[in-house]
Each structure stands twice: as structure tokens, then as C-alpha cells.
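Asks: One file: upload_16.cif (mmCIF, C-alpha atoms; chains and numbers go by the auth columns).
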```cif
data_coords
loop_
_atom_site.group_PDB
_atom_site.id
_atom_site.type_symbol
_atom_site.label_atom_id
_atom_site.label_comp_id
_atom_site.label_asym_id
_atom_site.label_seq_id
_atom_site.Cartn_x
_atom_site.Cartn_y
_atom_site.Cartn_z
_atom_site.B_iso_or_equiv
_atom_site.auth_seq_id
_atom_site.auth_asym_id
ATOM 1 C CA MET A 1 -16.317 3.433 -4.712 0.00 1 A
ATOM 2 C CA SER A 2 -13.867 1.328 -6.696 0.00 2 A
ATOM 3 C CA GLU A 3 -11.735 4.016 -8.356 0.00 3 A
ATOM 4 C CA HIS A 4 -9.132 6.033 -6.499 0.00 4 A
ATOM 5 C CA LEU A 5 -10.210 9.082 -4.536 0.00 5 A
ATOM 6 C CA THR A 6 -9.841 12.525 -6.026 0.00 6 A
ATOM 7 C CA PRO A 7 -7.784 15.160 -4.208 0.00 7 A
ATOM 8 C CA ALA A 8 -11.039 16.998 -3.422 0.00 8 A
ATOM 9 C CA GLN A 9 -12.535 13.875 -1.819 0.00 9 A
ATOM 10 C CA ILE A 10 -9.415 13.355 0.276 0.00 10 A
ATOM 11 C CA ARG A 11 -9.467 17.002 1.414 0.00 11 A
ATOM 12 C CA SER A 12 -13.142 16.795 2.359 0.00 12 A
ATOM 13 C CA TYR A 13 -12.442 13.614 4.349 0.00 13 A
ATOM 14 C CA VAL A 14 -9.443 15.105 6.144 0.00 14 A
ATOM 15 C CA GLU A 15 -11.324 18.332 6.914 0.00 15 A
ATOM 16 C CA ARG A 16 -14.516 16.373 7.802 0.00 16 A
ATOM 17 C CA ARG A 17 -16.571 18.377 5.321 0.00 17 A
ATOM 18 C CA GLY A 18 -19.410 16.960 3.327 0.00 18 A
ATOM 19 C CA ASP A 19 -22.287 14.747 4.254 0.00 19 A
ATOM 20 C CA ALA A 20 -21.982 11.687 6.462 0.00 20 A
ATOM 21 C CA ASP A 21 -22.603 9.230 3.604 0.00 21 A
ATOM 22 C CA GLU A 22 -19.725 10.656 1.560 0.00 22 A
ATOM 23 C CA ILE A 23 -17.314 10.609 4.492 0.00 23 A
ATOM 24 C CA LEU A 24 -18.363 7.055 5.348 0.00 24 A
ATOM 25 C CA ALA A 25 -17.851 5.923 1.733 0.00 25 A
ATOM 26 C CA ILE A 26 -14.394 7.508 1.665 0.00 26 A
ATOM 27 C CA ALA A 27 -13.484 5.857 4.985 0.00 27 A
ATOM 28 C CA GLN A 28 -14.588 2.473 3.642 0.00 28 A
ATOM 29 C CA HIS A 29 -12.500 3.018 0.501 0.00 29 A
ATOM 30 C CA LEU A 30 -9.457 3.910 2.620 0.00 30 A
ATOM 31 C CA ASP A 31 -9.870 0.604 4.470 0.00 31 A
ATOM 32 C CA VAL A 32 -9.096 -1.333 1.293 0.00 32 A
ATOM 33 C CA CYS A 33 -7.018 1.027 -0.876 0.00 33 A
ATOM 34 C CA PHE A 34 -3.413 1.431 0.229 0.00 34 A
ATOM 35 C CA GLU A 35 -2.592 4.038 -2.413 0.00 35 A
ATOM 36 C CA CYS A 36 -5.391 6.381 -1.351 0.00 36 A
ATOM 37 C CA ARG A 37 -4.572 5.740 2.306 0.00 37 A
ATOM 38 C CA ASP A 38 -0.962 6.804 1.675 0.00 38 A
ATOM 39 C CA ARG A 39 -2.082 9.925 -0.167 0.00 39 A
ATOM 40 C CA THR A 40 -4.423 10.797 2.713 0.00 40 A
ATOM 41 C CA ALA A 41 -1.728 10.180 5.321 0.00 41 A
ATOM 42 C CA ALA A 42 0.619 12.509 3.422 0.00 42 A
ATOM 43 C CA ILE A 43 -1.937 15.292 3.749 0.00 43 A
ATOM 44 C CA VAL A 44 -2.603 14.628 7.432 0.00 44 A
ATOM 45 C CA ASP A 45 1.094 14.341 8.367 0.00 45 A
ATOM 46 C CA ASP A 46 3.380 16.012 5.866 0.00 46 A
ATOM 47 C CA GLY A 47 6.441 15.538 8.077 0.00 47 A
ATOM 48 C CA ALA A 48 6.792 19.254 8.809 0.00 48 A
ATOM 49 C CA ALA A 49 6.804 18.562 12.561 0.00 49 A
ATOM 50 C CA ASP A 50 9.658 16.050 12.354 0.00 50 A
ATOM 51 C CA ARG A 51 12.807 17.024 14.204 0.00 51 A
ATOM 52 C CA PRO A 52 15.875 17.549 12.039 0.00 52 A
ATOM 53 C CA HIS A 53 18.644 14.995 12.307 0.00 53 A
ATOM 54 C CA GLU A 54 21.542 16.069 14.509 0.00 54 A
ATOM 55 C CA ALA A 55 25.083 15.095 13.615 0.00 55 A
ATOM 56 C CA GLY A 56 26.302 12.348 15.895 0.00 56 A
ATOM 57 C CA ALA A 57 22.874 11.494 17.287 0.00 57 A
ATOM 58 C CA HIS A 58 23.230 7.826 16.385 0.00 58 A
ATOM 59 C CA GLU A 59 26.630 7.493 18.017 0.00 59 A
ATOM 60 C CA ARG A 60 25.375 9.047 21.257 0.00 60 A
ATOM 61 C CA GLY A 61 22.459 6.643 21.250 0.00 61 A
ATOM 62 C CA ARG A 62 24.775 3.655 20.920 0.00 62 A
ATOM 63 C CA GLU A 63 27.052 4.516 23.819 0.00 63 A
ATOM 64 C CA ILE A 64 27.202 1.642 26.256 0.00 64 A
ATOM 65 C CA ARG A 65 27.523 2.828 29.786 0.00 65 A
ATOM 66 C CA PRO A 66 28.324 0.236 32.407 0.00 66 A
ATOM 67 C CA VAL A 67 25.682 0.023 35.090 0.00 67 A
ATOM 68 C CA GLU A 68 26.861 -0.839 38.550 0.00 68 A
ATOM 69 C CA GLY A 69 24.682 -3.576 39.973 0.00 69 A
ATOM 70 C CA PHE A 70 23.057 -3.458 43.379 0.00 70 A
ATOM 71 C CA TRP A 71 25.387 -6.034 44.996 0.00 71 A
ATOM 72 C CA ARG A 72 28.528 -4.332 43.658 0.00 72 A
ATOM 73 C CA ARG A 73 27.375 -1.079 45.269 0.00 73 A
ATOM 74 C CA VAL A 74 26.731 -2.900 48.570 0.00 74 A
ATOM 75 C CA LEU A 75 30.183 -4.548 48.488 0.00 75 A
ATOM 76 C CA ARG A 76 31.870 -1.260 47.599 0.00 76 A
ATOM 77 C CA ARG A 77 30.166 0.453 50.551 0.00 77 A
ATOM 78 C CA LEU A 78 31.026 -2.407 52.908 0.00 78 A
ATOM 79 C CA ARG A 79 34.676 -2.133 51.887 0.00 79 A
ATOM 80 C CA GLY A 80 34.522 1.577 52.628 0.00 80 A
ATOM 81 C CA SER A 81 35.466 2.794 49.202 0.00 81 A
ATOM 82 C CA GLY A 82 32.333 4.670 48.406 0.00 82 A
#
```
What do you get writing this file as C-alpha cells?

Replies:
Amino acid sequence: MSEHLTPAQIRSYVERRGDADEILAIAQHLDVCFECRDRTAAIVDDGAADRPHEAGAHERGREIRPVEGFWRRVLRRLRGSG
């Protein structure tokens, strides 16, 4: 199978319909053909399940919060301030 896959072939592969030889031939083609692999991946995962972007999500993820180390906690407790 040297030409690109048809939409019907991709659908039958994704839905696992058709005979084993056809599905195997399609799988072998997908191993070497990036374009058909991308088209197949778009059918399998169309992005509909992706979470929408929230405003400010990146800034919250970049907040640097100081972490008190173990020995600082011990010293603070020994001094009686915590």
C-alpha cells in the first residue's frame, strides 16, 4: 500500500471493521506514512475532550512559593516561635 489511505480505510481501521489482512495492511502503512497517521489521529482524538483555557492559568502555575526546609522548621520550633 504505497498511496495514501482513503477516508473509508481510515474509518474501518479506527472502528476495527474489515478483515484482518486489510487492518494489518493499514497498520503497516501508518507505520511509515506520517500524513495518514496524522489524519487517523485526528479522527481518534479530535480534541473535543480538551479542557478550555482559563484566564490566568499560566500565571498561577508560575507562582513561586517559598518552601520552608526541614532544619528551618526545627530551629523555629526550638526557638519557640512556632

Asks: Show me, as a VMD selection string, the residues that have an atom within 12 Å of range 33-40 of chain A when counting all atoms listed in the file, minus same-chain residues fewer than 2 positions from it.

Replies: chain A and resid 1 to 15 26 to 31 42 to 46

Asks: What is the CA of Ala20 in chain A-CA of Val32 in chain A distance in Å, reported with one decimal?

Replies: 19.0 Å

Asks: For range 28-31 of chain A, what centre and edge lengths in Å (one decimal) does the axis-aligned box get once 5 Å is added on each side of all its listed atoms, as lines of an AutoDock Vina configuration file?

Replies:
```
center_x = -12.0
center_y = 2.3
center_z = 2.5
size_x = 15.1
size_y = 13.3
size_z = 14.0
```

Asks: Record the distance separating CA of Ala41 in chain A and CA of Arg16 in chain A, expressed in Å with one decimal.

Replies: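 According to the coordinates, CA of Ala41 in chain A and CA of Arg16 in chain A are separated by 14.4 Å.
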
Asks: Can I get range 21-37 of chain A with N, CA and C atoms filled in, as a PDB file, keeping the file's coordinate frame?

Replies:
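See rebuild_13.pdb below for the written result:
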```pdb
ATOM      1  N   ASP A  21     -22.703  10.362   4.538  1.00  0.00           N
ATOM      2  CA  ASP A  21     -22.603   9.230   3.604  1.00  0.00           C
ATOM      3  C   ASP A  21     -21.321   9.293   2.789  1.00  0.00           C
ATOM      4  N   GLU A  22     -20.952  10.499   2.350  1.00  0.00           N
ATOM      5  CA  GLU A  22     -19.725  10.656   1.560  1.00  0.00           C
ATOM      6  C   GLU A  22     -18.491  10.340   2.411  1.00  0.00           C
ATOM      7  N   ILE A  23     -18.460  10.859   3.617  1.00  0.00           N
ATOM      8  CA  ILE A  23     -17.314  10.609   4.492  1.00  0.00           C
ATOM      9  C   ILE A  23     -17.219   9.125   4.829  1.00  0.00           C
ATOM     10  N   LEU A  24     -18.352   8.484   5.064  1.00  0.00           N
ATOM     11  CA  LEU A  24     -18.363   7.055   5.348  1.00  0.00           C
ATOM     12  C   LEU A  24     -17.869   6.250   4.146  1.00  0.00           C
ATOM     13  N   ALA A  25     -18.286   6.622   2.945  1.00  0.00           N
ATOM     14  CA  ALA A  25     -17.851   5.923   1.733  1.00  0.00           C
ATOM     15  C   ALA A  25     -16.343   6.086   1.530  1.00  0.00           C
ATOM     16  N   ILE A  26     -15.839   7.271   1.792  1.00  0.00           N
ATOM     17  CA  ILE A  26     -14.394   7.508   1.665  1.00  0.00           C
ATOM     18  C   ILE A  26     -13.642   6.680   2.698  1.00  0.00           C
ATOM     19  N   ALA A  27     -14.137   6.637   3.931  1.00  0.00           N
ATOM     20  CA  ALA A  27     -13.484   5.857   4.985  1.00  0.00           C
ATOM     21  C   ALA A  27     -13.461   4.377   4.620  1.00  0.00           C
ATOM     22  N   GLN A  28     -14.544   3.876   4.056  1.00  0.00           N
ATOM     23  CA  GLN A  28     -14.588   2.473   3.642  1.00  0.00           C
ATOM     24  C   GLN A  28     -13.603   2.209   2.509  1.00  0.00           C
ATOM     25  N   HIS A  29     -13.470   3.164   1.593  1.00  0.00           N
ATOM     26  CA  HIS A  29     -12.500   3.018   0.501  1.00  0.00           C
ATOM     27  C   HIS A  29     -11.077   2.992   1.056  1.00  0.00           C
ATOM     28  N   LEU A  30     -10.801   3.851   2.030  1.00  0.00           N
ATOM     29  CA  LEU A  30      -9.457   3.910   2.620  1.00  0.00           C
ATOM     30  C   LEU A  30      -9.103   2.614   3.344  1.00  0.00           C
ATOM     31  N   ASP A  31     -10.116   1.890   3.811  1.00  0.00           N
ATOM     32  CA  ASP A  31      -9.870   0.604   4.470  1.00  0.00           C
ATOM     33  C   ASP A  31      -9.262  -0.423   3.531  1.00  0.00           C
ATOM     34  N   VAL A  32      -9.551  -0.306   2.242  1.00  0.00           N
ATOM     35  CA  VAL A  32      -9.096  -1.333   1.293  1.00  0.00           C
ATOM     36  C   VAL A  32      -8.081  -0.828   0.266  1.00  0.00           C
ATOM     37  N   CYS A  33      -7.888   0.478   0.163  1.00  0.00           N
ATOM     38  CA  CYS A  33      -7.018   1.027  -0.876  1.00  0.00           C
ATOM     39  C   CYS A  33      -5.771   1.654  -0.251  1.00  0.00           C
ATOM     40  N   PHE A  34      -4.656   0.947  -0.369  1.00  0.00           N
ATOM     41  CA  PHE A  34      -3.413   1.431   0.229  1.00  0.00           C
ATOM     42  C   PHE A  34      -2.922   2.727  -0.417  1.00  0.00           C
ATOM     43  N   GLU A  35      -3.078   2.842  -1.720  1.00  0.00           N
ATOM     44  CA  GLU A  35      -2.592   4.038  -2.413  1.00  0.00           C
ATOM     45  C   GLU A  35      -3.317   5.287  -1.923  1.00  0.00           C
ATOM     46  N   CYS A  36      -4.628   5.231  -1.835  1.00  0.00           N
ATOM     47  CA  CYS A  36      -5.391   6.381  -1.351  1.00  0.00           C
ATOM     48  C   CYS A  36      -5.115   6.644   0.126  1.00  0.00           C
ATOM     49  N   ARG A  37      -4.898   5.576   0.890  1.00  0.00           N
ATOM     50  CA  ARG A  37      -4.572   5.740   2.306  1.00  0.00           C
ATOM     51  C   ARG A  37      -3.240   6.473   2.464  1.00  0.00           C
TER      52      ARG A  37
END
```
